[in-house]
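Okay, so here's the structure we're looking at.
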Amino acid sequence: MGIDLPVLWFLIIGFALMMYVVMDGFDLGIGILFPFVRARADRDSMANSVAPVWDGNETWLVFGGAALLANFSLAYAVILSALYLPLVLMLLGLIWRGVAFEFRFKADDAHRLFWDKAFAWGSYIASFSQGVALGAFINGFKVVNGEYAGGALDWPTPFSVFTGIGVLIAYALLGSTWLVMKTEGVLQRRMRELARLIAVALLLAITIVSVWTPLTHARVAARWFVLPNLVLFAPIPILVLLASWSMWRTLTRNTHAAPFLHALVLVFLGYTGLLVSIWPQIVPPQISIWQAASPPESMGFTLVGALFVIPFILMYTSWSYYVFRGKVRAGEGYN
Amino acid sequence: MRSETTRYAIEVPYLGSLILTHSLHGQFPGLKQFPRQDRPNSAIVFWTFRLMVGLGFLMLLLGVCGAWLRWRGRLFESRRFLRLVTLMGPTGLIALLAGWITTEVGRQPWVVYGVMRTAEGVSNEPVLELSTTLVAFVAVYCILFGTGIRYMLRLVALGPEEGTGEQRASAELVCSRRPARPLSAAPDGRVAH
């Protein structure tokens with residue numbers, strides 16, 4: 001067989017999840033930043049900057065989930081059972097903020113504040129739950145006979161709570177730099193200041209996770225700190241430092257799109273670091289992508305569909321971003 | 001259900017065979033040929049299916065009535081018709097739910113037909129966890145749909161925009177927050193330049 005289907009599908013799912021993290025990341029970030037902006041006109045601008053694109057961003061989460069079910073059903077069954085509570089919390093948060101987002105445009109002034117709060121709370125809960133789920137995933141799951149054998153409350157650990165906070169910070173950085181790109185004037189200046197603080201916090205969080213993970217997870221330490229790997233993967237931490245430094249420079253000058261692009265690079269590097277740590281496990285610590293793979297017939301069949309549909313998603317997504325490029329001005333909805 | 005008979009049946013020959021096997025004389029197994037433990041709850045499926053189809057026919061009838069009234073030039077005058085249209089408002093959703101229940105109940109007791117029973121597909125999650133989250137979902141949906149319905153009713157009470165052309169354009173400047181579709185994120189197609 002020419003191509004290794006499990007590897008290919010692992011990469012596709014990894015790509016879909018990264019697209020999700022990047023794209024829903026900045027619009028969840030808008031919600032995270034809501035409490036730091038008081039003026040109603042500014043909040044409207046913030047919401048309007050993502051209104052045309054935000055609900056398309058969740059396509060990637062659905063795609064990743066469905067692809068996981070079809071191609072790694074074992075991993076799907078174990079991970080979703082183990083992370084049932086944080087994932088349900090995430091869904092409730094996403095539903096809550098999505099609806100609040102629409103209602104705040106419709107509500108009268110008396111209720112608007114309530115929906116603003118609901119939007120922020122939903123965003124915090126969804127982002128934090130995603131981070132906690134990520135931490136619990138790195139911690140690994142207890143599996144017996146192909147079924148999740150741990151308890152319903154195995155997921156909250158100090159480590160997973162910290163990754164929850166880390167994801168909140170990462171999304172806040174994506175959101176604030178997105179707004180630096182999409183807004184002007186007072187709001188843009190405010191976001192530039194916030195982004196500087198958040199960037200420092202994120203670098204701190206990345207450092208702590210990078211130390212904490214190998215200290216408590218021997219298999220991760222064994223991946224990074226043996227000789228060929230140490231050199232091979234050295235570019236990742238070095239690039240993180242370079243990107244942070246370069247981002248700081250763009251945030252102290254009058255730039256628009258550059259900080260957001262830097263934030264994307266940082267998220268991409270963090271994500272790559274994660275993949276290096278867990279590869280080739282799909283259910284850490286024991287089950288590899290080959291052990292969890294569906295029969296090649298299923299993988300090949302779904303691959304045809306995926307190769308057909310992914311270019312279309314990418315096309316319409318980039319088209320909508322292209323159409324709504326440029327700055328959002330006060331009082332302007334999308335038309 | 002217990003006596004395995006259908007009272008008051010209207011029978012259409014050949015049609016079922018045509019839909020399921022694409023030929024006039026094809027045979028497909030009837031419910032009674034399956035062992036009892038492999039059958040779905042036929043009372044539920046019986047009624048939800050008929051509810052769906054009945055509402056579908058009512059919708060068709062409504063369309064025909066509308067076309068007739070339009071032809072007679074009384075489409076917007078007939079109070080009885082307009083009242084009927086209002087009443088028919090929610091039937092799309094009801095028919096959809098009935099159809100969904102028909103397929104989901106109708107495929108029981110299998111989750112993967114012939115391979116895995118629904119009972120075998122259940123995860124090990126504790127009952128407490130599942131019931132808590134179910135209650136949470138129901139509560140959140142009640143709050144959100146309740147509010148959504150309130151906003152929609154308010155839009156309905158506002159009534160459609162009247163007038164055409166210039167009249168309408170100037171009206172839009174005054175009241176530009178009424179959307180062309182309910183619950184859209186931003187006012188549609190109305191950007192004040």
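Residue numbering restarts at 1 for every chain of the structure tokens, chains are lettered A, B, ... in their displayed order, and ligands are numbered from 1 as they appear.
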
request  = When you get a sec, could you note down which chain A residues fall within 9 Å of chain B, using only C-alpha atoms, as a PyMOL selection string?
outcome  = chain A and resi 48+51-52+77+81-82+84-85+88-89+92+95-96+99-107+147-149+151-152+331-335

Keeping only N, CA and C atoms, write those residues as an mmCIF file, in the first residue's frame.
```cif
data_model
loop_
_atom_site.group_PDB
_atom_site.id
_atom_site.type_symbol
_atom_site.label_atom_id
_atom_site.label_comp_id
_atom_site.auth_asym_id
_atom_site.auth_seq_id
_atom_site.Cartn_x
_atom_site.Cartn_y
_atom_site.Cartn_z
ATOM 1 N N ASN A 48 -19.323 43.086 15.682
ATOM 2 C CA ASN A 48 -19.476 43.191 14.229
ATOM 3 C C ASN A 48 -18.247 42.693 13.485
ATOM 4 N N ALA A 51 -19.000 39.042 13.254
ATOM 5 C CA ALA A 51 -20.355 38.609 12.894
ATOM 6 C C ALA A 51 -20.428 37.862 11.559
ATOM 7 N N PRO A 52 -19.723 38.302 10.501
ATOM 8 C CA PRO A 52 -19.890 37.605 9.230
ATOM 9 C C PRO A 52 -19.218 36.237 9.188
ATOM 10 N N ALA A 77 -14.542 6.904 20.936
ATOM 11 C CA ALA A 77 -15.317 6.353 22.048
ATOM 12 C C ALA A 77 -14.624 6.631 23.379
ATOM 13 N N SER A 81 -15.921 9.658 25.958
ATOM 14 C CA SER A 81 -16.460 9.175 27.234
ATOM 15 C C SER A 81 -15.683 9.779 28.389
ATOM 16 N N ALA A 82 -14.353 9.799 28.241
ATOM 17 C CA ALA A 82 -13.512 10.283 29.336
ATOM 18 C C ALA A 82 -13.718 11.773 29.568
ATOM 19 N N TYR A 84 -16.396 13.530 28.856
ATOM 20 C CA TYR A 84 -17.795 13.860 28.680
ATOM 21 C C TYR A 84 -18.176 15.180 29.344
ATOM 22 N N LEU A 85 -17.823 15.330 30.620
ATOM 23 C CA LEU A 85 -18.265 16.544 31.333
ATOM 24 C C LEU A 85 -17.645 17.829 30.778
ATOM 25 N N VAL A 88 -19.278 18.573 27.420
ATOM 26 C CA VAL A 88 -20.660 19.055 27.531
ATOM 27 C C VAL A 88 -20.660 20.510 28.005
ATOM 28 N N LEU A 89 -19.774 20.811 28.970
ATOM 29 C CA LEU A 89 -19.652 22.204 29.420
ATOM 30 C C LEU A 89 -19.281 23.110 28.250
ATOM 31 N N LEU A 92 -22.334 23.605 26.073
ATOM 32 C CA LEU A 92 -23.289 24.532 26.688
ATOM 33 C C LEU A 92 -22.771 25.960 26.569
ATOM 34 N N ILE A 95 -23.193 27.063 22.897
ATOM 35 C CA ILE A 95 -24.599 27.339 22.571
ATOM 36 C C ILE A 95 -24.998 28.678 23.182
ATOM 37 N N TRP A 96 -24.647 28.821 24.450
ATOM 38 C CA TRP A 96 -25.030 30.001 25.221
ATOM 39 C C TRP A 96 -24.472 31.267 24.585
ATOM 40 N N VAL A 99 -25.980 32.068 20.971
ATOM 41 C CA VAL A 99 -27.306 32.675 20.976
ATOM 42 C C VAL A 99 -27.239 34.078 21.563
ATOM 43 N N ALA A 100 -26.448 34.243 22.631
ATOM 44 C CA ALA A 100 -26.316 35.569 23.242
ATOM 45 C C ALA A 100 -25.785 36.572 22.223
ATOM 46 N N PHE A 101 -24.880 36.097 21.374
ATOM 47 C CA PHE A 101 -24.296 36.939 20.341
ATOM 48 C C PHE A 101 -25.373 37.504 19.416
ATOM 49 N N GLU A 102 -26.337 36.635 19.047
ATOM 50 C CA GLU A 102 -27.422 37.084 18.166
ATOM 51 C C GLU A 102 -28.413 37.950 18.929
ATOM 52 N N PHE A 103 -28.714 37.558 20.176
ATOM 53 C CA PHE A 103 -29.744 38.270 20.927
ATOM 54 C C PHE A 103 -29.311 39.682 21.308
ATOM 55 N N ARG A 104 -28.006 39.884 21.527
ATOM 56 C CA ARG A 104 -27.598 41.218 21.999
ATOM 57 C C ARG A 104 -27.894 42.289 20.958
ATOM 58 N N PHE A 105 -28.010 41.876 19.687
ATOM 59 C CA PHE A 105 -28.381 42.840 18.648
ATOM 60 C C PHE A 105 -29.880 43.137 18.666
ATOM 61 N N LYS A 106 -30.664 42.205 19.239
ATOM 62 C CA LYS A 106 -32.111 42.304 19.176
ATOM 63 C C LYS A 106 -32.712 42.833 20.465
ATOM 64 N N ALA A 107 -31.977 42.669 21.563
ATOM 65 C CA ALA A 107 -32.561 42.984 22.869
ATOM 66 C C ALA A 107 -32.708 44.487 23.046
ATOM 67 N N GLU A 147 -12.234 0.136 26.203
ATOM 68 C CA GLU A 147 -13.237 1.045 26.737
ATOM 69 C C GLU A 147 -12.618 1.908 27.812
ATOM 70 N N TYR A 148 -13.141 3.134 27.946
ATOM 71 C CA TYR A 148 -12.640 4.015 28.988
ATOM 72 C C TYR A 148 -12.962 3.410 30.344
ATOM 73 N N ALA A 149 -11.941 3.283 31.195
ATOM 74 C CA ALA A 149 -12.155 2.601 32.470
ATOM 75 C C ALA A 149 -11.943 3.526 33.660
ATOM 76 N N GLY A 151 -12.773 7.206 35.962
ATOM 77 C CA GLY A 151 -13.985 7.763 36.543
ATOM 78 C C GLY A 151 -14.476 8.969 35.767
ATOM 79 N N ALA A 152 -15.689 9.435 36.143
ATOM 80 C CA ALA A 152 -16.272 10.590 35.451
ATOM 81 C C ALA A 152 -15.536 11.872 35.800
ATOM 82 N N GLY A 331 -21.185 51.575 13.941
ATOM 83 C CA GLY A 331 -22.522 51.680 13.379
ATOM 84 C C GLY A 331 -22.716 50.900 12.099
ATOM 85 N N GLU A 332 -21.713 50.113 11.720
ATOM 86 C CA GLU A 332 -21.815 49.396 10.461
ATOM 87 C C GLU A 332 -22.032 47.913 10.730
ATOM 88 N N GLY A 333 -23.150 47.385 10.264
ATOM 89 C CA GLY A 333 -23.339 45.949 10.340
ATOM 90 C C GLY A 333 -22.868 45.356 9.043
ATOM 91 N N TYR A 334 -22.946 44.033 8.908
ATOM 92 C CA TYR A 334 -22.570 43.489 7.606
ATOM 93 C C TYR A 334 -23.787 43.502 6.702
ATOM 94 N N ASN A 335 -23.592 43.673 5.436
ATOM 95 C CA ASN A 335 -24.737 43.692 4.529
ATOM 96 C C ASN A 335 -24.583 42.656 3.437
#
```

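Distance annotation: of B:Gly54, B:Gly89, B:Pro160, B:Gly106, the residue with the minimal separation from Asn41 in chain B is B:Gly106; atom set is only C-alpha atoms.
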
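Taking only C-alpha atoms, the non-local environment of Pro214 in chain A within 12 Å (same-chain residues fewer than 3 positions away omitted) comprises Ile138, Asn139, Phe159, Thr207, Ile208, Val209, Ser210, Val211, His217, Ala218, Arg219, Val220, Ala221, Ala222, Arg223, Trp224, Phe225, Gly273, Leu274, Ser277 and Ile278 of chain A.
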
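For the atom pair formed by CA of Ile13 in chain A and CA of Ile289 in chain A, the distance is 11.7 Å, given to one decimal.
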
query = If you run DSSP on this backbone, which residues of range 70-300 of chain A come out as helix (DSSP H, G or I), and could you give them as a ChimeraX atom specification?
reply = /A:70-71,73-82,84-106,109-139,158-182,185-216,218-224,227-232,235-252,258-278,289-292,296-300

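Look at Ser127 in chain A: the protein and nucleic acid residues within 9 Å of it, using only C-alpha atoms and passing over chain neighbours fewer than 5 places away, are Gly25, Leu28, Gly29, Ile32, Met90, Gly93, Leu94, Gly122, Val132, Gly164, Ile165, Val167, Leu168 and Tyr171 of chain A.
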
For the selection you just gave me, I'd like the residues written to a file as an mmCIF file, in the first residue's frame, keeping C-alpha atoms.
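That gives us part33.cif:
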```cif
data_model
loop_
_atom_site.group_PDB
_atom_site.id
_atom_site.type_symbol
_atom_site.label_atom_id
_atom_site.label_comp_id
_atom_site.auth_asym_id
_atom_site.auth_seq_id
_atom_site.Cartn_x
_atom_site.Cartn_y
_atom_site.Cartn_z
ATOM 1 C CA GLY A 25 -10.028 31.033 18.978
ATOM 2 C CA LEU A 28 -14.020 33.223 21.559
ATOM 3 C CA GLY A 29 -11.297 35.739 22.380
ATOM 4 C CA ILE A 32 -13.131 36.897 26.680
ATOM 5 C CA MET A 90 -17.924 23.416 26.271
ATOM 6 C CA GLY A 93 -20.864 27.463 26.651
ATOM 7 C CA LEU A 94 -20.796 27.544 22.857
ATOM 8 C CA GLY A 122 -20.235 31.475 27.550
ATOM 9 C CA VAL A 132 -9.055 21.491 30.508
ATOM 10 C CA GLY A 164 -7.478 25.618 30.770
ATOM 11 C CA ILE A 165 -6.107 28.988 31.820
ATOM 12 C CA VAL A 167 -6.050 28.282 26.381
ATOM 13 C CA LEU A 168 -8.011 31.254 27.768
ATOM 14 C CA TYR A 171 -7.628 32.883 22.738
#
```

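For the set A:Gly270, A:Ser123, A:Asn254, A:Gly14, the residue with the smallest atom-to-atom gap to Ala172 in chain A is A:Ser123, counting only C-alpha atoms.
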
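The strand (DSSP E) portion of range 39-177 of chain B consists of B:Trp110, B:Val111, B:Val112, B:Met116, B:Arg117, with states taken from DSSP on the backbone.
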
Only N, CA and C atoms, please: the residues just picked out, written as a short mmCIF file (atom, residue, chain, number, x, y, z; two decimals), in the first residue's frame.
```cif
data_model
loop_
_atom_site.label_atom_id
_atom_site.label_comp_id
_atom_site.auth_asym_id
_atom_site.auth_seq_id
_atom_site.Cartn_x
_atom_site.Cartn_y
_atom_site.Cartn_z
N TRP B 110 -32.13 -1.45 17.09
CA TRP B 110 -30.75 -1.43 16.59
C TRP B 110 -30.16 -0.03 16.61
N VAL B 111 -28.86 0.07 16.94
CA VAL B 111 -28.18 1.33 16.74
C VAL B 111 -27.37 1.24 15.45
N VAL B 112 -26.81 0.05 15.18
CA VAL B 112 -26.26 -0.25 13.85
C VAL B 112 -27.02 -1.47 13.37
N MET B 116 -25.41 -4.11 16.01
CA MET B 116 -25.29 -3.69 17.40
C MET B 116 -26.61 -3.14 17.90
N ARG B 117 -27.06 -3.66 19.04
CA ARG B 117 -28.29 -3.15 19.62
C ARG B 117 -28.02 -1.87 20.39
#
```

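Distance check against Phe34 in chain A using only C-alpha atoms: of A:Pro285, A:Gly175, A:Pro259, A:Gly131, the minimum falls on A:Gly175.
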
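Relative to CA of Leu251 in chain A, CA of Met191 in chain A is found at 9.8 Å.
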
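The space separating CA of Phe10 in chain A from CA of Leu275 in chain A comes to 10.4 Å.
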